[in-house]
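For reference, the structure is listed below as structure tokens.
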Amino acid sequence: MIGAIPVLCLLFGVLTTIVSQIQGQSCGKLQESQLNNLKEYTEPDEFPWIGRVGYGDSSNGSTNFYCLAVLIKPRHAILPAHCVLNRAEVDALFILFGDWRANRNFDEEDCLFDVCAPVPEAIDIEELVVHPKYMGLRNPNAIDNDIAVAKLVRSVDFSDFVAPLCLPTTKHKDNHIAQKLKMVGFLRRKNNLPSFEQEEGFRTKVDVHIASLEFCASLQDQLNLTQDHLCAMTRAAFLNLGSPLMGIEVEDGKPRNFYLVGLPSYGGIIGSERNKALFVFTRIFPFRNWILKNIVDKNETRKIK
């Protein structure tokens with residue numbers, strides 16, 4: 001048993017229910033002015049589905065944030081399974097939503113110059129559900145089926161700063177090869193300095209370029225990639241574990257909303273000049289029915305001992 005939060009493994013099931021019916025609310029908020037502002041840091045209300053996973057008690061200063069989660073429903077978020085099962089020394093206990101800056105003072109507003117985000121909302125995790133075929137307990141380097149769902153103890157309060165991301169639909173089942181997608185998270189700190197510079201630590205967006213699995217395997221021969229993976233290249237900037245990869249829904253020639261494409265399972269620096277990063281993502285579309293099954297029907301479960 002992992003900590004006090006039940007960690008469950010649900011049997012795979014296929015639902016015919018479409019994603020929009022399950023989510024039941026507007027998702028994937030996108031403003032074209034923000035999409036094209038060419039900034040590295042996000043606006044405080046940009047990508048409002050990002051949650052920081054808290055390891056330890058939120059009421060004291062010992063909390064660490066190793067991973068990110070993605071809000072998809074008022075009481076559910078998605079995160080990599082390795083953020084749950086590969087950290088036996090500490091438990092994932094809550095998720096912090098609406099946090100614009102990755103610091104420990106999450107009971108205060110985050111401000112940059114004259115722009116501020118409201119105080120973020122910390123919500124405890126009631127249950128963590130891990131894909132039954134994830135082998136991280138046996139093999140810490142496992143990257144197959146690296147996905148989990150967190151159920152919160154209560155619903156989040158939606159606002160301009162906290163809102164869900166869309167799951168992919170059947171329109172989004174392609175592999176995105178040679179496309180440029182968005183990855184969003186917080187840059188990992190280079191050291192453990194007690195304080196931030198003025199512009200350090202804010203939520204960051206990065207363009208990543210999707211490469212073929214064969215190309216990525218040629219760069220990292222130890223990777224065993226399948227059609228459930230996506231591989232991407234970007235500049236050597238490491239974001240937190242769990243930083244989501246997103247595509248854009250386009251209708252009538254206009255970008256309408258973001259949807260979740262993948263969650264990172266592996267990352268490494270490559271190149272002779274060490275200036276490139278290679279990421280392997282777990283594709284969300286092949287696991288869409290599993291995600292919906294976990295959210296809707298929990299009759300068939302078995303606890304991970």
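Here's how to read the names in the structure tokens: chain A, B, ... by the order shown, residue numbers from 1 in each chain, ligand numbers from 1 in the order shown.
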Set the distance at 8 Å and use only C-alpha atoms: which residues neighbour Lys205 (chain A) once local chain neighbours fewer than 4 positions away are removed? I'd like the list as a PDB file with C-alpha atoms, in the first residue's frame.
```
ATOM      1  CA  GLU A  40       8.466  32.186 -22.829  1.00  0.00           C
ATOM      2  CA  TYR A  41       6.421  32.716 -19.668  1.00  0.00           C
ATOM      3  CA  THR A  42       2.670  32.195 -19.773  1.00  0.00           C
ATOM      4  CA  LYS A 182       3.042  23.029 -27.116  1.00  0.00           C
ATOM      5  CA  MET A 183       4.551  21.701 -23.893  1.00  0.00           C
ATOM      6  CA  VAL A 184       3.864  23.623 -20.680  1.00  0.00           C
ATOM      7  CA  GLY A 185       5.241  23.371 -17.167  1.00  0.00           C
TER       8      GLY A 185
END
```
Can you tell me, as number ranges by chain, what residues are no more than 10 Å from Phe158 (chain A) when counting only C-alpha atoms, ignoring any on the same chain fewer than 2 positions away? A: 48-49, 74, 97-98, 155-156, 160-164
Show me, as a PyMOL selection string, the residues that have an atom within 8 Å of Leu230 (chain A) when counting only C-alpha atoms, minus same-chain residues fewer than 3 positions from it. chain A and resi 175+210-213+227+262+280-283
Selection near Glu249 (chain A), 9 Å with only C-alpha atoms, sequence-local residues under 3 positions removed, as JSON, numbers by chain: {"A": [172, 254, 255, 256, 257, 258, 259]}
Could you take the residues named above and write them with N, CA and C atoms, as a CSV table (one decimal), in the first residue's frame?
```
chain,number,residue,atom,x,y,z
A,172,HIS,N,-8.4,13.3,-33.3
A,172,HIS,CA,-7.0,13.6,-32.9
A,172,HIS,C,-6.2,12.3,-32.7
A,254,LYS,N,-9.8,28.8,-37.6
A,254,LYS,CA,-9.4,29.5,-36.4
A,254,LYS,C,-9.0,28.5,-35.3
A,255,PRO,N,-8.0,28.8,-34.5
A,255,PRO,CA,-7.7,27.9,-33.3
A,255,PRO,C,-8.8,28.1,-32.2
A,256,ARG,N,-9.4,26.9,-31.8
A,256,ARG,CA,-10.5,27.0,-30.9
A,256,ARG,C,-10.2,26.6,-29.5
A,257,ASN,N,-9.4,25.5,-29.3
A,257,ASN,CA,-9.1,25.0,-28.0
A,257,ASN,C,-7.9,24.1,-28.0
A,258,PHE,N,-7.3,23.9,-26.9
A,258,PHE,CA,-6.2,22.9,-26.7
A,258,PHE,C,-6.8,21.6,-26.3
A,259,TYR,N,-6.1,20.5,-26.7
A,259,TYR,CA,-6.5,19.2,-26.2
A,259,TYR,C,-5.2,18.4,-25.8
```
For His76 (chain A), find every residue with an atom within 12 Å (counting only C-alpha atoms), except residues of its own chain fewer than 4 positions away, and show them as a PDB file with C-alpha atoms, in the first residue's frame.
```pdb
ATOM      1  CA  ILE A  22     -18.003  12.942 -20.041  1.00  0.00           C
ATOM      2  CA  GLN A  23     -16.317  16.260 -19.497  1.00  0.00           C
ATOM      3  CA  TRP A  49      -5.365  23.116 -16.202  1.00  0.00           C
ATOM      4  CA  GLY A  51      -1.619  21.406 -11.348  1.00  0.00           C
ATOM      5  CA  ALA A  69      -1.015  16.870 -13.191  1.00  0.00           C
ATOM      6  CA  VAL A  70      -3.579  17.954 -15.788  1.00  0.00           C
ATOM      7  CA  LEU A  71      -7.129  18.810 -14.757  1.00  0.00           C
ATOM      8  CA  ILE A  72      -9.734  17.142 -17.011  1.00  0.00           C
ATOM      9  CA  PHE A  94      -2.632  16.988  -2.913  1.00  0.00           C
ATOM     10  CA  ILE A  95      -2.670  18.983  -6.166  1.00  0.00           C
ATOM     11  CA  PHE A  97      -4.254  24.412  -9.089  1.00  0.00           C
ATOM     12  CA  ILE A 123      -7.041  20.113  -3.022  1.00  0.00           C
ATOM     13  CA  ASP A 124      -6.266  16.794  -1.369  1.00  0.00           C
ATOM     14  CA  ILE A 125      -6.153  13.591  -3.411  1.00  0.00           C
ATOM     15  CA  GLU A 126      -8.792  11.028  -2.453  1.00  0.00           C
ATOM     16  CA  GLU A 127      -7.660   8.200  -4.721  1.00  0.00           C
ATOM     17  CA  LEU A 128      -4.960   7.414  -7.281  1.00  0.00           C
ATOM     18  CA  VAL A 129      -5.693   4.949 -10.085  1.00  0.00           C
ATOM     19  CA  ALA A 148      -2.614   7.447 -13.800  1.00  0.00           C
ATOM     20  CA  VAL A 149      -5.773   9.276 -12.748  1.00  0.00           C
ATOM     21  CA  ALA A 150      -6.156  11.256  -9.531  1.00  0.00           C
ATOM     22  CA  LYS A 151      -9.565  11.681  -7.917  1.00  0.00           C
ATOM     23  CA  LEU A 152      -9.814  14.726  -5.679  1.00  0.00           C
ATOM     24  CA  VAL A 153     -11.694  14.927  -2.398  1.00  0.00           C
ATOM     25  CA  ARG A 154     -13.875  17.676  -3.837  1.00  0.00           C
ATOM     26  CA  SER A 155     -14.451  19.573  -7.040  1.00  0.00           C
ATOM     27  CA  VAL A 156     -12.224  22.466  -7.943  1.00  0.00           C
ATOM     28  CA  ALA A 163     -10.147  25.184 -15.854  1.00  0.00           C
ATOM     29  CA  PRO A 164      -9.969  21.727 -17.503  1.00  0.00           C
ATOM     30  CA  LEU A 165      -8.129  20.591 -20.607  1.00  0.00           C
ATOM     31  CA  ILE A 291      -9.399   7.118 -18.604  1.00  0.00           C
ATOM     32  CA  LEU A 292     -13.146   7.407 -19.091  1.00  0.00           C
ATOM     33  CA  ASN A 294     -11.746   4.968 -14.508  1.00  0.00           C
ATOM     34  CA  ILE A 295     -13.767   8.123 -14.086  1.00  0.00           C
ATOM     35  CA  VAL A 296     -17.183   6.596 -14.651  1.00  0.00           C
TER      36      VAL A 296
END
```
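Taking only region 54-230 of chain A, the residues that DSSP calls helix (DSSP H, G or I) from the backbone come to His82, Cys83, Val84, Leu85, Thr170, Lys171, His172, Leu213, Glu214, Phe215, Cys216, Ala217, Ser218 and Leu219 of chain A.
Distance-wise, CA of Val206 (chain A) and CA of Gly268 (chain A) end up 15.6 Å apart.
Nearest-residue note for Arg235 (chain A): choosing from A:Phe186, A:Phe113, A:Phe279, A:Tyr66, the minimum distance belongs to A:Phe279, counting only C-alpha atoms.
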How many Å lie between CA of Ala178 (chain A) and CA of Val261 (chain A), rounded to one decimal? 14.3 Å
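Going from CA of Ile143 (chain A) to CA of Thr204 (chain A) covers 24.5 Å.
When only C-alpha atoms are used to measure the gap to Lys171 (chain A), the shortest distance among A:Met135, A:Leu241, A:Ile248, A:Ile50 belongs to A:Ile248.
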